[in-house]
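K.L.:
Have a look at this one before I ask anything.
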Amino acid sequence: MTPTDVVDVAREAIWVLLAVASPVMVVALLVGLVVALIQALTQVQEMTLAFVPKILAIFVSLIIFLPFMLSQMIGLMEQISQRITSL
């Protein structure tokens with residue numbers, strides 16, 4: 001593999017990483033924002049109140065987005081395997 005191929009594989013891996021991590025991170029961000037807004041409105045400052053809903057939302061989003069994440073990672077692995085076998 002040439003250095004250009006290595007950079008291309010690394011770039012593609014970063015894009016897949018962003019595509020795989022983004023859905024869960026967006027869900028965590030939105031749930032955290034909603035919980036923080038509710039805490040600010042009700043003036044209830046309890047640490048576990050922010051933690052538990054976010055963890056539950058992350059677990060649910062992982063279950064929902066797992067097929068998409070898996071297909072993205074399998075696609076990257078297939079591309080890398082094809083590049084290795086074409087050498």
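By convention here, the chains of the structure tokens are called A, B, ... in the order presented, each chain's residues are numbered starting at 1, and ligands are numbered starting at 1 in the order presented.
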Gln72 (chain A): which residues within 12 Å, counting only C-alpha atoms, same-chain residues fewer than 5 positions away excluded, as a ChimeraX atom specification?
P.N.:
/A:12-21,65-67,77-79
K.L.:
Would you work out the distance separating CA of Phe51 (chain A) from CA of Met73 (chain A), expressed in Å to one decimal?
P.N.:
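So the answer is 28.7 Å.
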K.L.:
So, counting only C-alpha atoms, which residue among A:Met1, A:Val9, A:Leu76, A:Ala57 is closest to Val26 (chain A)?
P.N.:
A:Ala57
K.L.:
Between A:Ile84, A:Ala50, A:Leu70, A:Ile64, which is the closest to Val34 (chain A) once you count only C-alpha atoms?
P.N.:
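Of all the options, A:Ala50 lies closest to Val34 (chain A).
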K.L.:
Given the choices A:Thr2, A:Gln43, A:Thr48, A:Ser61, which gets closest to Val24 (chain A) if the distance is worked out from only C-alpha atoms?
P.N.:
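Ranking A:Thr2, A:Gln43, A:Thr48, A:Ser61 by distance to Val24 (chain A), first place goes to A:Ser61.
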K.L.:
Any idea what the distance is between CA of Ile58 (chain A) and CA of Val31 (chain A)?
P.N.:
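Calculated distance between CA of Ile58 (chain A) and CA of Val31 (chain A) is 9.1 Å.
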K.L.:
Can you work out the spacing between CA of Val27 (chain A) and CA of Arg11 (chain A) in Å, to one decimal?
P.N.:
24.9 Å
K.L.:
Using only C-alpha atoms, which of the listed residues (A:Leu29, A:Thr85, A:Thr42, A:Pro23) sits closest to Phe68 (chain A)?
P.N.:
A:Pro23
K.L.:
Could you give me, as a list of chain:residue names, the residues within 12 Å of Leu87 (chain A), counting only C-alpha atoms and dropping anything in the same chain fewer than 4 positions from it?
P.N.:
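The residues satisfying every condition are A:Met1, A:Thr2, A:Asp5, A:Ile80, A:Ser81, A:Gln82, A:Arg83.
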K.L.:
I need the chosen residues saved as an mmCIF file, in the first residue's frame, with C-alpha atoms.
P.N.:
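Heads up, here's the output in again_27.cif:
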```
data_model
loop_
_atom_site.group_PDB
_atom_site.id
_atom_site.type_symbol
_atom_site.label_atom_id
_atom_site.label_comp_id
_atom_site.auth_asym_id
_atom_site.auth_seq_id
_atom_site.Cartn_x
_atom_site.Cartn_y
_atom_site.Cartn_z
ATOM 1 C CA MET A 1 0.000 0.000 0.000
ATOM 2 C CA THR A 2 1.181 3.459 -0.792
ATOM 3 C CA ASP A 5 -3.867 4.473 0.177
ATOM 4 C CA ILE A 80 -10.423 -2.588 3.405
ATOM 5 C CA SER A 81 -10.489 -6.312 2.554
ATOM 6 C CA GLN A 82 -10.884 -5.547 -1.158
ATOM 7 C CA ARG A 83 -7.921 -3.148 -1.011
#
```
